[in-house]
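Data file: model-v5.cif. Format and content: mmCIF, C-alpha atoms and all ligand atoms.
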```
data_entry
loop_
_atom_site.group_PDB
_atom_site.id
_atom_site.type_symbol
_atom_site.label_atom_id
_atom_site.label_comp_id
_atom_site.auth_asym_id
_atom_site.auth_seq_id
_atom_site.Cartn_x
_atom_site.Cartn_y
_atom_site.Cartn_z
ATOM 1 C CA MET A 220 129.854 97.685 111.790
ATOM 2 C CA SER A 221 127.304 100.005 110.218
ATOM 3 C CA LYS A 222 123.704 99.669 111.342
ATOM 4 C CA LYS A 223 121.384 97.895 108.920
ATOM 5 C CA SER A 224 118.648 100.015 107.442
ATOM 6 C CA GLN A 225 115.084 99.189 108.384
ATOM 7 C CA THR A 226 112.394 98.145 105.921
ATOM 8 C CA LEU A 227 108.802 98.261 107.110
ATOM 9 C CA VAL A 228 106.546 95.886 105.189
ATOM 10 C CA VAL A 229 102.862 96.776 105.419
ATOM 11 C CA PHE A 230 100.447 94.392 103.751
ATOM 12 C CA TYR A 231 96.789 93.638 103.221
ATOM 13 C CA THR A 232 96.278 90.242 101.599
ATOM 14 C CA PRO A 233 92.981 88.789 102.900
ATOM 15 C CA ARG A 234 93.276 85.734 100.644
ATOM 16 C CA TYR A 235 96.651 84.891 102.209
ATOM 17 C CA GLU A 236 97.808 81.611 100.609
ATOM 18 C CA GLN A 237 95.602 82.208 97.531
ATOM 19 C CA SER A 238 96.775 85.784 97.187
ATOM 20 C CA SER A 239 98.678 86.854 94.059
ATOM 21 C CA THR A 240 99.785 89.977 95.885
ATOM 22 C CA LYS A 241 101.319 87.789 98.593
ATOM 23 C CA VAL A 242 103.150 85.748 95.947
ATOM 24 C CA LEU A 243 104.871 88.943 94.775
ATOM 25 C CA LEU A 244 105.487 90.226 98.292
ATOM 26 C CA ASP A 245 106.999 86.892 99.397
ATOM 27 C CA PHE A 246 109.214 86.912 96.308
ATOM 28 C CA PHE A 247 110.496 90.408 97.097
ATOM 29 C CA MET A 248 111.088 89.524 100.764
ATOM 30 C CA LYS A 249 113.105 86.448 99.740
ATOM 31 C CA GLU A 250 115.238 88.620 97.479
ATOM 32 C CA LEU A 251 115.859 91.064 100.335
ATOM 33 C CA GLU A 252 116.718 88.202 102.656
ATOM 34 C CA THR A 253 119.300 86.975 100.135
ATOM 35 C CA ASN A 254 120.854 90.441 100.042
ATOM 36 C CA GLY A 255 120.865 90.441 103.866
ATOM 37 C CA SER A 256 121.060 94.219 104.051
ATOM 38 C CA GLU A 257 117.814 94.965 105.862
ATOM 39 C CA ASP A 258 116.198 94.728 109.247
ATOM 40 C CA VAL A 259 112.621 93.849 108.333
ATOM 41 C CA VAL A 260 109.564 94.819 110.385
ATOM 42 C CA THR A 261 106.129 93.638 109.218
ATOM 43 C CA LEU A 262 102.626 94.958 109.741
ATOM 44 C CA ASP A 263 99.667 92.809 108.669
ATOM 45 C CA LEU A 264 96.735 95.212 108.436
ATOM 46 C CA LEU A 265 94.257 92.372 109.017
ATOM 47 C CA LYS A 266 95.865 91.385 112.332
ATOM 48 C CA ASP A 267 96.649 94.890 113.567
ATOM 49 C CA VAL A 268 93.711 96.795 112.133
ATOM 50 C CA PRO A 269 94.090 100.553 111.642
ATOM 51 C CA ASP A 270 91.476 102.931 113.020
ATOM 52 C CA PHE A 271 89.149 105.068 110.908
ATOM 53 C CA PHE A 272 88.676 108.795 111.231
ATOM 54 C CA THR A 273 85.545 108.847 113.418
ATOM 55 C CA ALA A 274 84.181 112.188 114.669
ATOM 56 C CA GLU A 275 86.214 111.865 117.901
ATOM 57 C CA ARG A 276 89.454 111.182 116.052
ATOM 58 C CA VAL A 277 89.029 113.981 113.525
ATOM 59 C CA ALA A 278 88.409 116.359 116.453
ATOM 60 C CA ALA A 279 91.451 115.101 118.397
ATOM 61 C CA TYR A 280 93.699 115.178 115.321
ATOM 62 C CA GLY A 281 92.642 118.748 114.488
ATOM 63 C CA LYS A 282 93.035 119.918 118.073
ATOM 64 C CA ARG A 283 96.554 118.524 118.427
ATOM 65 C CA ASN A 284 98.116 118.546 114.953
ATOM 66 C CA TYR A 285 96.572 121.777 113.660
ATOM 67 C CA GLY A 286 95.577 123.565 116.874
ATOM 68 C CA GLY A 287 98.775 122.787 118.805
ATOM 69 C CA GLN A 288 96.768 121.910 121.912
ATOM 70 C CA THR A 289 97.387 119.094 124.369
ATOM 71 C CA LEU A 290 94.866 116.265 124.247
ATOM 72 C CA SER A 291 92.948 115.020 127.263
ATOM 73 C CA PRO A 292 93.835 111.436 128.282
ATOM 74 C CA GLU A 293 90.609 110.295 126.622
ATOM 75 C CA GLU A 294 91.390 112.097 123.361
ATOM 76 C CA ALA A 295 94.951 110.795 123.410
ATOM 77 C CA LYS A 296 93.602 107.295 123.868
ATOM 78 C CA THR A 297 91.431 107.594 120.781
ATOM 79 C CA MET A 298 94.581 108.453 118.756
ATOM 80 C CA GLN A 299 96.653 105.637 120.271
ATOM 81 C CA THR A 300 96.557 103.164 117.374
ATOM 82 C CA MET A 301 97.056 105.869 114.747
ATOM 83 C CA ASP A 302 100.015 107.246 116.714
ATOM 84 C CA ARG A 303 101.572 103.823 117.242
ATOM 85 C CA MET A 304 101.396 103.125 113.502
ATOM 86 C CA LEU A 305 102.818 106.574 112.801
ATOM 87 C CA GLU A 306 105.795 105.969 115.108
ATOM 88 C CA GLN A 307 106.535 102.616 113.502
ATOM 89 C CA PHE A 308 106.304 104.227 110.052
ATOM 90 C CA MET A 309 108.619 107.097 110.983
ATOM 91 C CA ALA A 310 111.240 104.705 112.369
ATOM 92 C CA ALA A 311 111.588 102.959 108.994
ATOM 93 C CA ASP A 312 114.095 103.954 106.328
ATOM 94 C CA LYS A 313 112.172 102.182 103.583
ATOM 95 C CA VAL A 314 108.585 101.062 103.214
ATOM 96 C CA VAL A 315 106.965 98.286 101.186
ATOM 97 C CA LEU A 316 103.189 98.483 100.843
ATOM 98 C CA ALA A 317 101.414 95.504 99.273
ATOM 99 C CA TYR A 318 97.703 95.129 98.500
ATOM 100 C CA PRO A 319 95.286 94.270 95.663
ATOM 101 C CA MET A 320 93.283 96.862 93.746
ATOM 102 C CA TYR A 321 89.708 97.174 95.060
ATOM 103 C CA ASN A 322 87.202 99.225 93.095
ATOM 104 C CA PHE A 323 89.967 101.022 91.215
ATOM 105 C CA SER A 324 91.558 102.201 94.438
ATOM 106 C CA MET A 325 93.243 100.910 97.572
ATOM 107 C CA PRO A 326 91.252 98.709 99.996
ATOM 108 C CA ALA A 327 89.676 100.691 102.847
ATOM 109 C CA LEU A 328 92.059 99.310 105.497
ATOM 110 C CA VAL A 329 95.053 100.432 103.438
ATOM 111 C CA LYS A 330 93.514 103.903 103.101
ATOM 112 C CA ALA A 331 92.858 103.917 106.871
ATOM 113 C CA TYR A 332 96.537 103.079 107.379
ATOM 114 C CA MET A 333 97.591 105.966 105.129
ATOM 115 C CA ASP A 334 95.182 108.245 107.041
ATOM 116 C CA SER A 335 96.881 107.122 110.264
ATOM 117 C CA ILE A 336 100.410 107.957 109.174
ATOM 118 C CA LEU A 337 99.759 111.146 107.212
ATOM 119 C CA GLN A 338 99.938 113.420 110.220
ATOM 120 C CA LYS A 339 100.629 117.131 109.971
ATOM 121 C CA GLY A 340 103.716 118.106 111.926
ATOM 122 C CA LYS A 341 105.033 114.537 111.763
ATOM 123 C CA THR A 342 105.206 113.243 108.196
ATOM 124 C CA PHE A 343 104.308 116.489 106.414
ATOM 125 C CA ASP A 344 103.850 120.131 107.290
ATOM 126 C CA TYR A 345 103.331 123.591 105.857
ATOM 127 C CA ASN A 346 105.809 126.466 105.860
ATOM 128 C CA GLU A 347 105.917 129.908 104.224
ATOM 129 C CA THR A 348 106.448 128.335 100.803
ATOM 130 C CA GLY A 349 103.626 125.810 101.120
ATOM 131 C CA GLN A 350 103.428 122.104 101.831
ATOM 132 C CA VAL A 351 106.575 120.186 102.762
ATOM 133 C CA GLY A 352 107.200 116.480 103.205
ATOM 134 C CA LEU A 353 109.179 115.561 106.322
ATOM 135 C CA MET A 354 110.165 111.995 105.375
ATOM 136 C CA LYS A 355 113.239 113.070 103.416
ATOM 137 C CA GLY A 356 115.553 110.537 101.832
ATOM 138 C CA LYS A 357 113.269 107.531 102.358
ATOM 139 C CA LYS A 358 112.004 105.215 99.698
ATOM 140 C CA ALA A 359 108.855 103.261 99.087
ATOM 141 C CA LEU A 360 107.756 100.343 96.957
ATOM 142 C CA VAL A 361 104.104 99.638 96.228
ATOM 143 C CA ILE A 362 103.215 96.075 95.173
ATOM 144 C CA ASN A 363 99.803 95.715 93.588
ATOM 145 C CA THR A 364 97.764 93.155 91.673
ATOM 146 C CA SER A 365 94.476 93.548 89.815
ATOM 147 C CA ALA A 366 92.060 91.670 87.598
ATOM 148 C CA GLY A 367 92.275 94.324 84.908
ATOM 149 C CA ILE A 368 95.382 95.595 83.155
ATOM 150 C CA TYR A 369 96.054 99.296 83.417
ATOM 151 C CA THR A 370 98.771 100.605 81.105
ATOM 152 C CA ASP A 371 99.793 103.602 79.015
ATOM 153 C CA GLU A 372 99.373 101.516 75.882
ATOM 154 C CA LEU A 373 95.766 100.645 76.729
ATOM 155 C CA GLN A 374 95.171 104.298 77.647
ATOM 156 C CA ASN A 375 93.275 103.231 80.758
ATOM 157 C CA ASN A 376 95.915 104.201 83.304
ATOM 158 C CA TRP A 377 93.616 106.947 84.512
ATOM 159 C CA MET A 378 91.388 104.255 86.061
ATOM 160 C CA ASP A 379 94.183 103.192 88.416
ATOM 161 C CA HIS A 380 93.596 105.248 91.546
ATOM 162 C CA SER A 381 95.306 102.525 93.560
ATOM 163 C CA THR A 382 99.046 102.774 92.895
ATOM 164 C CA THR A 383 98.866 106.399 91.719
ATOM 165 C CA LEU A 384 97.370 107.525 95.031
ATOM 166 C CA ALA A 385 99.843 105.521 97.128
ATOM 167 C CA LYS A 386 102.847 106.889 95.213
ATOM 168 C CA TYR A 387 101.520 110.433 95.426
ATOM 169 C CA LEU A 388 101.026 110.154 99.198
ATOM 170 C CA PHE A 389 104.609 108.927 99.686
ATOM 171 C CA LYS A 390 105.883 111.835 97.567
ATOM 172 C CA TYR A 391 103.650 114.204 99.557
ATOM 173 C CA MET A 392 105.426 113.010 102.716
ATOM 174 C CA GLY A 393 108.776 113.824 101.106
ATOM 175 C CA PHE A 394 109.915 110.348 100.112
ATOM 176 C CA ALA A 395 112.837 110.579 97.687
ATOM 177 C CA GLU A 396 111.563 107.621 95.734
ATOM 178 C CA ALA A 397 108.194 105.899 95.385
ATOM 179 C CA VAL A 398 107.804 103.231 92.739
ATOM 180 C CA SER A 399 105.186 100.603 92.067
ATOM 181 C CA VAL A 400 105.189 97.134 90.592
ATOM 182 C CA SER A 401 101.801 95.967 89.354
ATOM 183 C CA ALA A 402 100.623 92.661 87.971
ATOM 184 C CA GLY A 403 97.357 92.954 86.042
ATOM 185 C CA GLY A 404 95.233 90.266 84.430
ATOM 186 C CA MET A 405 95.037 88.127 87.574
ATOM 187 C CA SER A 406 91.613 86.641 86.803
ATOM 188 C CA GLN A 407 91.595 86.358 83.022
ATOM 189 C CA SER A 408 93.564 83.307 81.842
ATOM 190 C CA PRO A 409 96.071 81.227 83.839
ATOM 191 C CA GLU A 410 98.667 81.924 81.106
ATOM 192 C CA LEU A 411 98.209 85.682 81.317
ATOM 193 C CA LYS A 412 98.355 85.527 85.116
ATOM 194 C CA GLN A 413 101.637 83.578 85.092
ATOM 195 C CA GLN A 414 103.128 85.856 82.440
ATOM 196 C CA SER A 415 102.131 88.963 84.354
ATOM 197 C CA LEU A 416 103.467 87.615 87.670
ATOM 198 C CA ALA A 417 106.753 86.575 86.020
ATOM 199 C CA GLN A 418 107.192 90.063 84.582
ATOM 200 C CA ALA A 419 106.466 91.664 87.965
ATOM 201 C CA LYS A 420 109.000 89.328 89.622
ATOM 202 C CA GLN A 421 111.668 90.466 87.164
ATOM 203 C CA GLU A 422 111.002 94.070 88.127
ATOM 204 C CA LEU A 423 111.033 93.182 91.832
ATOM 205 C CA GLU A 424 114.346 91.349 91.459
ATOM 206 C CA ARG A 425 115.860 94.455 89.877
ATOM 207 C CA ILE A 426 114.462 96.716 92.636
ATOM 208 C CA ALA A 427 115.671 94.358 95.395
ATOM 209 C CA GLY A 428 119.170 94.542 93.892
ATOM 210 C CA THR A 429 119.405 98.278 94.601
ATOM 211 C CA TRP A 430 117.151 98.431 97.655
HETATM 212 C C1 LIG B 501 86.235 93.666 96.523
HETATM 213 C C2 LIG B 501 87.066 93.533 95.285
HETATM 214 C C3 LIG B 501 87.138 94.594 94.386
HETATM 215 C C4 LIG B 501 87.936 94.502 93.252
HETATM 216 N N1 LIG B 501 88.017 95.577 92.398
HETATM 217 C C5 LIG B 501 88.818 95.514 91.305
HETATM 218 C C6 LIG B 501 88.935 96.629 90.402
HETATM 219 O O1 LIG B 501 88.358 97.679 90.581
HETATM 220 N N2 LIG B 501 89.744 96.489 89.331
HETATM 221 C C7 LIG B 501 90.432 95.341 89.072
HETATM 222 O O2 LIG B 501 91.146 95.300 88.076
HETATM 223 N N3 LIG B 501 90.344 94.275 89.910
HETATM 224 C C8 LIG B 501 89.563 94.336 91.010
HETATM 225 N N4 LIG B 501 89.473 93.261 91.863
HETATM 226 C C9 LIG B 501 90.264 92.060 91.590
HETATM 227 C C10 LIG B 501 91.537 92.003 92.420
HETATM 228 O O3 LIG B 501 92.229 93.226 92.417
HETATM 229 C C11 LIG B 501 92.472 90.936 91.860
HETATM 230 O O4 LIG B 501 91.836 89.725 91.727
HETATM 231 C C12 LIG B 501 93.704 90.821 92.742
HETATM 232 O O5 LIG B 501 94.705 90.134 92.051
HETATM 233 C C13 LIG B 501 93.381 90.084 94.047
HETATM 234 O O6 LIG B 501 94.536 90.037 94.809
HETATM 235 P P1 LIG B 501 94.867 88.826 95.775
HETATM 236 O O7 LIG B 501 95.047 87.613 94.917
HETATM 237 O O8 LIG B 501 96.134 89.273 96.429
HETATM 238 O O9 LIG B 501 93.726 88.701 96.717
HETATM 239 C C14 LIG B 501 88.667 93.324 92.995
HETATM 240 C C15 LIG B 501 88.573 92.248 93.905
HETATM 241 C C16 LIG B 501 87.792 92.350 95.042
HETATM 242 C C17 LIG B 501 87.726 91.202 95.996
#
```

Would you put the structure from the file into structure tokens?
Amino acid sequence: MSKKSQTLVVFYTPRYEQSSTKVLLDFFMKELETNGSEDVVTLDLLKDVPDFFTAERVAAYGKRNYGGQTLSPEEAKTMQTMDRMLEQFMAADKVVLAYPMYNFSMPALVKAYMDSILQKGKTFDYNETGQVGLMKGKKALVINTSAGIYTDELQNNWMDHSTTLAKYLFKYMGFAEAVSVSAGGMSQSPELKQQSLAQAKQELERIAGTW
């Protein structure tokens, strides 16, 4: 029997049962469960909180990942959580990242997570031709909700630094595919919210079918 592929689900939904983002994530997970093709590993960024790049961590990261030097036990310890999250990330074949838009970008804990797993020599590197992603053949799905609606038609897509950044970072790490499903209009009218969530669910159903 062939081994199931592994999907890592990373999420930040501080409003849990009130969260629209969680509604979409739960829907996608149910679809995956129905397909039965995946081993699912979850990471709740509010329960297992990623570290920030403090002065000590920036120094240790530079020394090891750019300088090629061995870290002291103390320096290695300061990188422990970042490295653990990196290892979990690298073990996955596919990644789902779910979070709401905060201040036109990703919430700080989600950015801290991305800072943890974007490690030179591990998920990306440089060679004679320039930057290369090392996460070849993997795919990512970003699930996002927001109060505003950001679309080509409204010509305000440029304000969305949330899904655009996440997709770019996955591509930077060499992911073959990085797509996003967004539901906007979450705090305007209940009708608009339901319509937007229903549309996002349709997209998620389609993506789950070929996941
Ligand atoms: C701190 C904070 C900042 C927010 N910033 C934005 C924003 O810049 N643009 C936007 O459209 N919505 C913004 N929102 C609204 C949320 O993105 C929106 O309500 C989202 O659906 C909440 O997701 P949740 O239901 O999963 O918690 C913000 C909400 C919070 C709490």

Closest of A:Thr289, A:Ser401, A:Gln414, A:Asn284 to ligand LIG 501 (chain B) - atom-to-atom distances counting only C-alpha atoms and all ligand atoms: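 Ranked by minimum distance to ligand LIG 501 (chain B), first place goes to A:Ser401.
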
Please measure the separation of CA of Tyr345 (chain A) and CA of Gly286 (chain A), giving the value in Å to one decimal. 13.5 Å

Throw together the list of residues within 12 Å of ligand LIG 501 (chain B), counting only C-alpha atoms and all ligand atoms, and drop it here as a PDB file with C-alpha atoms, in the coordinates of the input.
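Contents of pocket27.pdb, as written:
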```pdb
ATOM      1  CA  PHE A 230     100.447  94.392 103.751  1.00  0.00           C
ATOM      2  CA  TYR A 231      96.789  93.638 103.221  1.00  0.00           C
ATOM      3  CA  THR A 232      96.278  90.242 101.599  1.00  0.00           C
ATOM      4  CA  PRO A 233      92.981  88.789 102.900  1.00  0.00           C
ATOM      5  CA  ARG A 234      93.276  85.734 100.644  1.00  0.00           C
ATOM      6  CA  TYR A 235      96.651  84.891 102.209  1.00  0.00           C
ATOM      7  CA  GLU A 236      97.808  81.611 100.609  1.00  0.00           C
ATOM      8  CA  GLN A 237      95.602  82.208  97.531  1.00  0.00           C
ATOM      9  CA  SER A 238      96.775  85.784  97.187  1.00  0.00           C
ATOM     10  CA  SER A 239      98.678  86.854  94.059  1.00  0.00           C
ATOM     11  CA  THR A 240      99.785  89.977  95.885  1.00  0.00           C
ATOM     12  CA  LYS A 241     101.319  87.789  98.593  1.00  0.00           C
ATOM     13  CA  VAL A 242     103.150  85.748  95.947  1.00  0.00           C
ATOM     14  CA  LEU A 243     104.871  88.943  94.775  1.00  0.00           C
ATOM     15  CA  LEU A 244     105.487  90.226  98.292  1.00  0.00           C
ATOM     16  CA  ASP A 245     106.999  86.892  99.397  1.00  0.00           C
ATOM     17  CA  ALA A 317     101.414  95.504  99.273  1.00  0.00           C
ATOM     18  CA  TYR A 318      97.703  95.129  98.500  1.00  0.00           C
ATOM     19  CA  PRO A 319      95.286  94.270  95.663  1.00  0.00           C
ATOM     20  CA  MET A 320      93.283  96.862  93.746  1.00  0.00           C
ATOM     21  CA  TYR A 321      89.708  97.174  95.060  1.00  0.00           C
ATOM     22  CA  ASN A 322      87.202  99.225  93.095  1.00  0.00           C
ATOM     23  CA  PHE A 323      89.967 101.022  91.215  1.00  0.00           C
ATOM     24  CA  SER A 324      91.558 102.201  94.438  1.00  0.00           C
ATOM     25  CA  MET A 325      93.243 100.910  97.572  1.00  0.00           C
ATOM     26  CA  PRO A 326      91.252  98.709  99.996  1.00  0.00           C
ATOM     27  CA  ALA A 327      89.676 100.691 102.847  1.00  0.00           C
ATOM     28  CA  ILE A 362     103.215  96.075  95.173  1.00  0.00           C
ATOM     29  CA  ASN A 363      99.803  95.715  93.588  1.00  0.00           C
ATOM     30  CA  THR A 364      97.764  93.155  91.673  1.00  0.00           C
ATOM     31  CA  SER A 365      94.476  93.548  89.815  1.00  0.00           C
ATOM     32  CA  ALA A 366      92.060  91.670  87.598  1.00  0.00           C
ATOM     33  CA  GLY A 367      92.275  94.324  84.908  1.00  0.00           C
ATOM     34  CA  ILE A 368      95.382  95.595  83.155  1.00  0.00           C
ATOM     35  CA  TYR A 369      96.054  99.296  83.417  1.00  0.00           C
ATOM     36  CA  THR A 370      98.771 100.605  81.105  1.00  0.00           C
ATOM     37  CA  ASN A 375      93.275 103.231  80.758  1.00  0.00           C
ATOM     38  CA  ASN A 376      95.915 104.201  83.304  1.00  0.00           C
ATOM     39  CA  MET A 378      91.388 104.255  86.061  1.00  0.00           C
ATOM     40  CA  ASP A 379      94.183 103.192  88.416  1.00  0.00           C
ATOM     41  CA  HIS A 380      93.596 105.248  91.546  1.00  0.00           C
ATOM     42  CA  SER A 381      95.306 102.525  93.560  1.00  0.00           C
ATOM     43  CA  THR A 382      99.046 102.774  92.895  1.00  0.00           C
ATOM     44  CA  SER A 401     101.801  95.967  89.354  1.00  0.00           C
ATOM     45  CA  ALA A 402     100.623  92.661  87.971  1.00  0.00           C
ATOM     46  CA  GLY A 403      97.357  92.954  86.042  1.00  0.00           C
ATOM     47  CA  GLY A 404      95.233  90.266  84.430  1.00  0.00           C
ATOM     48  CA  MET A 405      95.037  88.127  87.574  1.00  0.00           C
ATOM     49  CA  SER A 406      91.613  86.641  86.803  1.00  0.00           C
ATOM     50  CA  GLN A 407      91.595  86.358  83.022  1.00  0.00           C
ATOM     51  CA  SER A 408      93.564  83.307  81.842  1.00  0.00           C
ATOM     52  CA  LYS A 412      98.355  85.527  85.116  1.00  0.00           C
ATOM     53  CA  GLN A 413     101.637  83.578  85.092  1.00  0.00           C
ATOM     54  CA  SER A 415     102.131  88.963  84.354  1.00  0.00           C
ATOM     55  CA  LEU A 416     103.467  87.615  87.670  1.00  0.00           C
TER      56      LEU A 416
END
```

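Comparing the minimum interatomic distances between Val268 (chain A) and each of A:Glu422, A:Ala385, A:Leu373, A:Thr300, counting only C-alpha atoms, we find that A:Thr300 sits nearest.
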
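Here CA of Val329 (chain A) and CA of Ala359 (chain A) stand 14.7 Å from one another.
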
Mind checking which residues fall within 10 Å of Leu262 (chain A), counting only C-alpha atoms, ignoring those fewer than 6 positions away in the same chain, and posting them as a VMD selection string? chain A and resid 227 to 231 268 304 307 to 308 316

Using the selection just defined, write its residues with C-alpha atoms as an mmCIF file, in the frame of the given file.
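Resulting contents of selection.cif:
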```cif
data_model
loop_
_atom_site.group_PDB
_atom_site.id
_atom_site.type_symbol
_atom_site.label_atom_id
_atom_site.label_comp_id
_atom_site.auth_asym_id
_atom_site.auth_seq_id
_atom_site.Cartn_x
_atom_site.Cartn_y
_atom_site.Cartn_z
ATOM 1 C CA LEU A 227 108.802 98.261 107.110
ATOM 2 C CA VAL A 228 106.546 95.886 105.189
ATOM 3 C CA VAL A 229 102.862 96.776 105.419
ATOM 4 C CA PHE A 230 100.447 94.392 103.751
ATOM 5 C CA TYR A 231 96.789 93.638 103.221
ATOM 6 C CA VAL A 268 93.711 96.795 112.133
ATOM 7 C CA MET A 304 101.396 103.125 113.502
ATOM 8 C CA GLN A 307 106.535 102.616 113.502
ATOM 9 C CA PHE A 308 106.304 104.227 110.052
ATOM 10 C CA LEU A 316 103.189 98.483 100.843
#
```
